[in-house]
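Asks: Below is coords33.csv; it holds CSV, N, CA and C atoms.
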```csv
chain,number,residue,atom,x,y,z
A,1,MET,N,2.9,9.8,-27.2
A,1,MET,CA,2.6,10.5,-26.0
A,1,MET,C,3.9,10.7,-25.3
A,2,SER,N,4.1,12.0,-24.7
A,2,SER,CA,5.3,12.3,-24.0
A,2,SER,C,5.3,11.5,-22.7
A,3,LYS,N,6.5,11.3,-22.1
A,3,LYS,CA,6.6,10.7,-20.8
A,3,LYS,C,5.8,11.4,-19.7
A,4,GLN,N,6.0,12.8,-19.8
A,4,GLN,CA,5.3,13.6,-18.7
A,4,GLN,C,3.8,13.5,-18.8
A,5,ARG,N,3.3,13.5,-20.0
A,5,ARG,CA,1.8,13.3,-20.2
A,5,ARG,C,1.4,11.9,-19.8
A,6,ALA,N,2.2,10.9,-20.1
A,6,ALA,CA,1.8,9.6,-19.7
A,6,ALA,C,1.8,9.4,-18.2
A,7,ARG,N,2.8,10.1,-17.5
A,7,ARG,CA,2.8,10.1,-16.0
A,7,ARG,C,1.6,10.8,-15.4
A,8,ARG,N,1.2,11.9,-16.0
A,8,ARG,CA,0.1,12.6,-15.5
A,8,ARG,C,-1.2,11.7,-15.7
A,9,ARG,N,-1.3,11.1,-16.8
A,9,ARG,CA,-2.4,10.2,-17.1
A,9,ARG,C,-2.4,9.0,-16.1
A,10,GLY,N,-1.2,8.4,-15.9
A,10,GLY,CA,-1.1,7.4,-14.9
A,10,GLY,C,-1.4,7.8,-13.5
A,11,ALA,N,-1.1,9.1,-13.2
A,11,ALA,CA,-1.4,9.6,-11.8
A,11,ALA,C,-2.9,9.6,-11.6
A,12,ARG,N,-3.7,9.7,-12.6
A,12,ARG,CA,-5.2,9.7,-12.4
A,12,ARG,C,-5.7,8.3,-12.2
A,13,GLN,N,-5.0,7.3,-12.7
A,13,GLN,CA,-5.5,6.0,-12.6
A,13,GLN,C,-5.0,5.4,-11.3
A,14,GLY,N,-5.8,4.6,-10.7
A,14,GLY,CA,-5.4,4.0,-9.4
A,14,GLY,C,-4.5,2.8,-9.6
A,15,LYS,N,-3.8,2.5,-8.6
A,15,LYS,CA,-3.0,1.2,-8.5
A,15,LYS,C,-3.5,0.4,-7.4
A,16,ALA,N,-3.7,-0.9,-7.7
A,16,ALA,CA,-4.2,-1.8,-6.7
A,16,ALA,C,-3.0,-2.3,-5.8
A,17,PHE,N,-3.2,-2.2,-4.5
A,17,PHE,CA,-2.2,-2.7,-3.6
A,17,PHE,C,-2.8,-3.9,-2.8
A,18,LYS,N,-2.0,-4.8,-2.5
A,18,LYS,CA,-2.4,-5.9,-1.5
A,18,LYS,C,-2.2,-5.3,-0.1
A,19,ILE,N,-3.2,-5.3,0.7
A,19,ILE,CA,-3.2,-4.7,2.0
A,19,ILE,C,-3.4,-5.8,3.0
A,20,ILE,N,-2.5,-5.9,4.0
A,20,ILE,CA,-2.7,-6.8,5.1
A,20,ILE,C,-3.4,-6.1,6.2
A,21,VAL,N,-4.5,-6.7,6.7
A,21,VAL,CA,-5.2,-6.1,7.8
A,21,VAL,C,-5.2,-7.1,9.0
A,22,GLU,N,-4.8,-6.6,10.1
A,22,GLU,CA,-4.7,-7.4,11.3
A,22,GLU,C,-5.7,-6.9,12.3
A,23,LYS,N,-6.5,-7.8,12.9
A,23,LYS,CA,-7.5,-7.4,13.9
A,23,LYS,C,-6.9,-7.7,15.3
A,24,TYR,N,-7.0,-6.7,16.2
A,24,TYR,CA,-6.6,-6.8,17.6
A,24,TYR,C,-7.8,-6.5,18.5
A,25,ALA,N,-7.6,-6.7,19.8
A,25,ALA,CA,-8.7,-6.4,20.7
A,25,ALA,C,-9.1,-5.0,20.7
A,26,ASP,N,-8.1,-4.1,20.5
A,26,ASP,CA,-8.4,-2.6,20.5
A,26,ASP,C,-8.5,-2.0,19.2
A,27,GLY,N,-8.6,-2.7,18.1
A,27,GLY,CA,-8.7,-2.1,16.7
A,27,GLY,C,-8.0,-2.9,15.7
A,28,TYR,N,-7.8,-2.2,14.5
A,28,TYR,CA,-7.2,-2.8,13.3
A,28,TYR,C,-6.0,-2.1,12.9
A,29,VAL,N,-5.1,-2.8,12.3
A,29,VAL,CA,-3.8,-2.3,11.8
A,29,VAL,C,-3.8,-2.8,10.3
A,30,ALA,N,-3.4,-1.9,9.4
A,30,ALA,CA,-3.3,-2.3,8.0
A,30,ALA,C,-2.0,-1.7,7.4
A,31,TYR,N,-1.5,-2.5,6.5
A,31,TYR,CA,-0.2,-2.1,5.8
A,31,TYR,C,-0.2,-2.8,4.4
A,32,PRO,N,0.4,-2.0,3.5
A,32,PRO,CA,0.5,-2.5,2.1
A,32,PRO,C,1.7,-3.4,1.9
A,33,LEU,N,1.7,-4.3,0.9
A,33,LEU,CA,2.8,-5.0,0.5
A,33,LEU,C,3.4,-4.4,-0.8
A,34,GLY,N,4.7,-4.5,-1.0
A,34,GLY,CA,5.3,-4.2,-2.2
A,34,GLY,C,5.6,-2.7,-2.4
A,35,LEU,N,5.7,-1.9,-1.3
A,35,LEU,CA,6.2,-0.6,-1.4
A,35,LEU,C,7.4,-0.4,-0.5
A,36,LYS,N,8.4,0.4,-1.0
A,36,LYS,CA,9.6,0.6,-0.2
A,36,LYS,C,9.2,1.5,1.0
A,37,GLY,N,9.7,1.3,2.2
A,37,GLY,CA,9.4,2.1,3.3
A,37,GLY,C,8.3,1.5,4.2
A,38,VAL,N,8.0,2.2,5.3
A,38,VAL,CA,7.0,1.7,6.2
A,38,VAL,C,5.7,2.5,6.1
A,39,ILE,N,4.6,1.9,5.8
A,39,ILE,CA,3.4,2.6,5.7
A,39,ILE,C,2.4,1.8,6.5
A,40,VAL,N,1.7,2.4,7.5
A,40,VAL,CA,0.8,1.7,8.4
A,40,VAL,C,-0.4,2.6,8.6
A,41,GLY,N,-1.6,2.0,8.6
A,41,GLY,CA,-2.8,2.6,8.9
A,41,GLY,C,-3.4,1.9,10.1
A,42,GLU,N,-4.3,2.6,10.9
A,42,GLU,CA,-4.9,2.0,12.0
A,42,GLU,C,-6.3,2.6,12.2
A,43,GLY,N,-7.2,1.9,12.9
A,43,GLY,CA,-8.5,2.4,13.2
A,43,GLY,C,-9.3,1.5,14.1
A,44,ASP,N,-10.3,2.0,14.6
A,44,ASP,CA,-11.2,1.2,15.5
A,44,ASP,C,-12.0,0.2,14.7
A,45,THR,N,-12.2,0.4,13.4
A,45,THR,CA,-12.9,-0.5,12.5
A,45,THR,C,-12.0,-0.8,11.3
A,46,TYR,N,-12.4,-1.9,10.6
A,46,TYR,CA,-11.8,-2.3,9.4
A,46,TYR,C,-11.8,-1.1,8.4
A,47,GLU,N,-12.9,-0.5,8.3
A,47,GLU,CA,-13.1,0.6,7.3
A,47,GLU,C,-12.2,1.8,7.6
A,48,GLU,N,-12.0,2.1,8.9
A,48,GLU,CA,-11.2,3.2,9.4
A,48,GLU,C,-9.7,2.9,9.1
A,49,ALA,N,-9.3,1.6,9.3
A,49,ALA,CA,-7.9,1.2,9.1
A,49,ALA,C,-7.6,1.3,7.6
A,50,MET,N,-8.6,0.9,6.8
A,50,MET,CA,-8.4,0.9,5.3
A,50,MET,C,-8.3,2.3,4.8
A,51,ALA,N,-9.1,3.2,5.3
A,51,ALA,CA,-9.1,4.6,4.9
A,51,ALA,C,-7.8,5.2,5.3
A,52,ASP,N,-7.3,4.9,6.5
A,52,ASP,CA,-6.1,5.5,7.0
A,52,ASP,C,-4.9,5.0,6.2
A,53,VAL,N,-4.8,3.7,5.9
A,53,VAL,CA,-3.7,3.2,5.1
A,53,VAL,C,-3.7,3.7,3.7
A,54,LYS,N,-4.8,3.9,3.1
A,54,LYS,CA,-4.9,4.5,1.7
A,54,LYS,C,-4.4,5.9,1.8
A,55,SER,N,-4.7,6.7,2.8
A,55,SER,CA,-4.2,8.0,2.9
A,55,SER,C,-2.7,8.0,3.1
A,56,ALA,N,-2.2,7.1,3.9
A,56,ALA,CA,-0.8,7.0,4.2
A,56,ALA,C,0.0,6.6,2.9
A,57,ILE,N,-0.6,5.7,2.1
A,57,ILE,CA,0.0,5.4,0.8
A,57,ILE,C,0.1,6.6,-0.1
A,58,ARG,N,-1.0,7.3,-0.2
A,58,ARG,CA,-1.0,8.6,-1.1
A,58,ARG,C,0.1,9.5,-0.6
A,59,GLN,N,0.2,9.7,0.7
A,59,GLN,CA,1.2,10.7,1.3
A,59,GLN,C,2.6,10.2,1.0
A,60,HIS,N,2.8,8.9,1.2
A,60,HIS,CA,4.1,8.3,0.9
A,60,HIS,C,4.5,8.5,-0.5
A,61,ILE,N,3.6,8.3,-1.5
A,61,ILE,CA,4.0,8.4,-2.9
A,61,ILE,C,4.2,9.9,-3.2
A,62,ASP,N,3.4,10.8,-2.6
A,62,ASP,CA,3.6,12.3,-2.8
A,62,ASP,C,4.9,12.7,-2.3
A,63,THR,N,5.4,12.1,-1.2
A,63,THR,CA,6.6,12.5,-0.5
A,63,THR,C,7.8,11.9,-1.2
A,64,PHE,N,7.8,10.6,-1.6
A,64,PHE,CA,9.0,9.9,-2.1
A,64,PHE,C,8.9,9.6,-3.6
A,65,GLY,N,7.9,9.9,-4.3
A,65,GLY,CA,7.8,9.8,-5.7
A,65,GLY,C,7.1,8.6,-6.3
A,66,ARG,N,6.7,8.7,-7.5
A,66,ARG,CA,5.9,7.7,-8.2
A,66,ARG,C,6.7,6.5,-8.6
A,67,GLU,N,8.1,6.6,-8.5
A,67,GLU,CA,8.9,5.5,-8.9
A,67,GLU,C,8.7,4.3,-7.9
A,68,LEU,N,8.1,4.6,-6.7
A,68,LEU,CA,7.8,3.6,-5.8
A,68,LEU,C,6.7,2.6,-6.4
A,69,LEU,N,6.1,3.0,-7.4
A,69,LEU,CA,5.0,2.2,-8.0
A,69,LEU,C,5.6,1.3,-9.1
A,70,ASP,N,6.9,1.3,-9.3
A,70,ASP,CA,7.5,0.4,-10.3
A,70,ASP,C,7.0,-1.0,-10.2
A,71,ASP,N,6.7,-1.6,-11.3
A,71,ASP,CA,6.2,-3.0,-11.3
A,71,ASP,C,7.2,-4.0,-10.6
A,72,GLU,N,8.5,-3.6,-10.5
A,72,GLU,CA,9.5,-4.4,-9.9
A,72,GLU,C,9.1,-4.8,-8.5
A,73,PHE,N,8.4,-3.9,-7.8
A,73,PHE,CA,8.0,-4.1,-6.4
A,73,PHE,C,6.6,-4.7,-6.3
A,74,SER,N,5.9,-4.9,-7.3
A,74,SER,CA,4.6,-5.5,-7.3
A,74,SER,C,4.5,-6.9,-6.7
A,75,VAL,N,3.7,-7.1,-5.7
A,75,VAL,CA,3.5,-8.4,-5.1
A,75,VAL,C,2.5,-9.2,-6.0
A,76,LEU,N,2.9,-10.3,-6.5
A,76,LEU,CA,2.0,-11.1,-7.3
A,76,LEU,C,0.9,-11.8,-6.5
A,77,GLU,N,1.3,-12.4,-5.4
A,77,GLU,CA,0.4,-13.1,-4.5
A,77,GLU,C,0.9,-12.9,-3.0
A,78,ALA,N,0.0,-13.1,-2.1
A,78,ALA,CA,0.4,-13.0,-0.7
A,78,ALA,C,-0.3,-14.2,0.0
A,79,PHE,N,0.4,-14.7,1.0
A,79,PHE,CA,0.0,-15.9,1.7
A,79,PHE,C,0.1,-15.6,3.2
A,80,VAL,N,-0.8,-16.2,4.0
A,80,VAL,CA,-0.6,-16.2,5.4
A,80,VAL,C,-0.2,-17.6,5.9
A,81,ALA,N,0.9,-17.7,6.6
A,81,ALA,CA,1.4,-19.0,7.0
A,81,ALA,C,1.7,-18.9,8.5
A,82,GLU,N,1.7,-20.0,9.1
A,82,GLU,CA,2.0,-20.1,10.6
A,82,GLU,C,3.2,-21.1,10.7
A,83,ALA,N,4.1,-20.6,11.5
A,83,ALA,CA,5.3,-21.5,11.8
A,83,ALA,C,5.6,-21.4,13.3
A,84,GLU,N,5.8,-22.6,13.9
A,84,GLU,CA,6.2,-22.6,15.3
A,84,GLU,C,7.7,-22.5,15.4
A,85,VAL,N,8.2,-21.6,16.2
A,85,VAL,CA,9.6,-21.4,16.4
A,85,VAL,C,10.0,-21.6,17.9
A,86,ALA,N,11.0,-22.4,18.2
A,86,ALA,CA,11.4,-22.6,19.5
A,86,ALA,C,12.0,-21.4,20.1
A,87,SER,N,11.6,-21.1,21.4
A,87,SER,CA,12.2,-19.9,22.0
A,87,SER,C,13.1,-20.2,23.2
```
Represent the structure contained in this file as structure tokens.
Replies:
Amino acid sequence: MSKQRARRRGARQGKAFKIIVEKYADGYVAYPLGLKGVIVGEGDTYEEAMADVKSAIRQHIDTFGRELLDDEFSVLEAFVAEAEVAS
């Protein structure tokens, strides 16, 4: 199979991203891990924020290229930790 055909075939398949969703008093903010650049979605609900960030990811890939999907940038696991820092 040619590289171009494999790329077109891969373009039809989805890629799973780990998405961080933060809840605030006035809505939600969502952003993916493992992509170069800044991609943020927001919404009044969790569902709206997820839809917005998915749209932003698609636009980011369309603009900057599918090489952003290289496995080199794939996040294997994500953790939430809390650390106290003196100010």
Asks: My list of candidates is A:Val75, A:Ala51, A:Ile20, A:Ile57. Which is closest to Gly34 (chain A) when distances are computed with all atoms listed in the file?
Replies: A:Val75
Asks: Quick check for you: according to DSSP on this backbone, which residues of chain A are classed as alpha helix (DSSP H)? Reply as a PyMOL selection string.
Replies: chain A and resi 3-12+46-64
Asks: Quick one: everything within 12 Å of region 59-61 of chain A, counting only C-alpha atoms, minus sequence neighbours fewer than 3 positions away in the same chain. Send it as a ChimeraX atom specification.
Replies: /A:11,15,32,35-41,52-56,64-70
Asks: Could you work out how far CA of Val85 (chain A) lies from atom N of Val29 (chain A), giving the answer in Å with one decimal?
Replies: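 Here the two named atoms are 24.1 Å from each other.
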Asks: Kindly extract all protein, DNA and RNA residues lying within 7 Å of the coordinates (-5.6, -0.8, 17.9) given in the file, considering only N, CA and C atoms, and supply them as a CSV table (one decimal) with N, CA and C atoms, in the coordinates of the input.
Replies:
```
chain,number,residue,atom,x,y,z
A,24,TYR,N,-7.0,-6.7,16.2
A,24,TYR,CA,-6.6,-6.8,17.6
A,24,TYR,C,-7.8,-6.5,18.5
A,25,ALA,N,-7.6,-6.7,19.8
A,25,ALA,CA,-8.7,-6.4,20.7
A,25,ALA,C,-9.1,-5.0,20.7
A,26,ASP,N,-8.1,-4.1,20.5
A,26,ASP,CA,-8.4,-2.6,20.5
A,26,ASP,C,-8.5,-2.0,19.2
A,27,GLY,N,-8.6,-2.7,18.1
A,27,GLY,CA,-8.7,-2.1,16.7
A,27,GLY,C,-8.0,-2.9,15.7
A,28,TYR,N,-7.8,-2.2,14.5
A,28,TYR,CA,-7.2,-2.8,13.3
A,28,TYR,C,-6.0,-2.1,12.9
A,29,VAL,N,-5.1,-2.8,12.3
A,29,VAL,CA,-3.8,-2.3,11.8
A,29,VAL,C,-3.8,-2.8,10.3
A,42,GLU,N,-4.3,2.6,10.9
A,42,GLU,CA,-4.9,2.0,12.0
A,42,GLU,C,-6.3,2.6,12.2
A,43,GLY,N,-7.2,1.9,12.9
A,43,GLY,CA,-8.5,2.4,13.2
A,43,GLY,C,-9.3,1.5,14.1
A,44,ASP,N,-10.3,2.0,14.6
A,44,ASP,CA,-11.2,1.2,15.5
A,44,ASP,C,-12.0,0.2,14.7
```
Asks: As an exercise, work out the distance from atom N of Ala78 (chain A) to atom C of Glu22 (chain A) in Å and give it to one decimal place.
Replies: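 We find that atom N of Ala78 (chain A) and atom C of Glu22 (chain A) lie 16.7 Å from each other.
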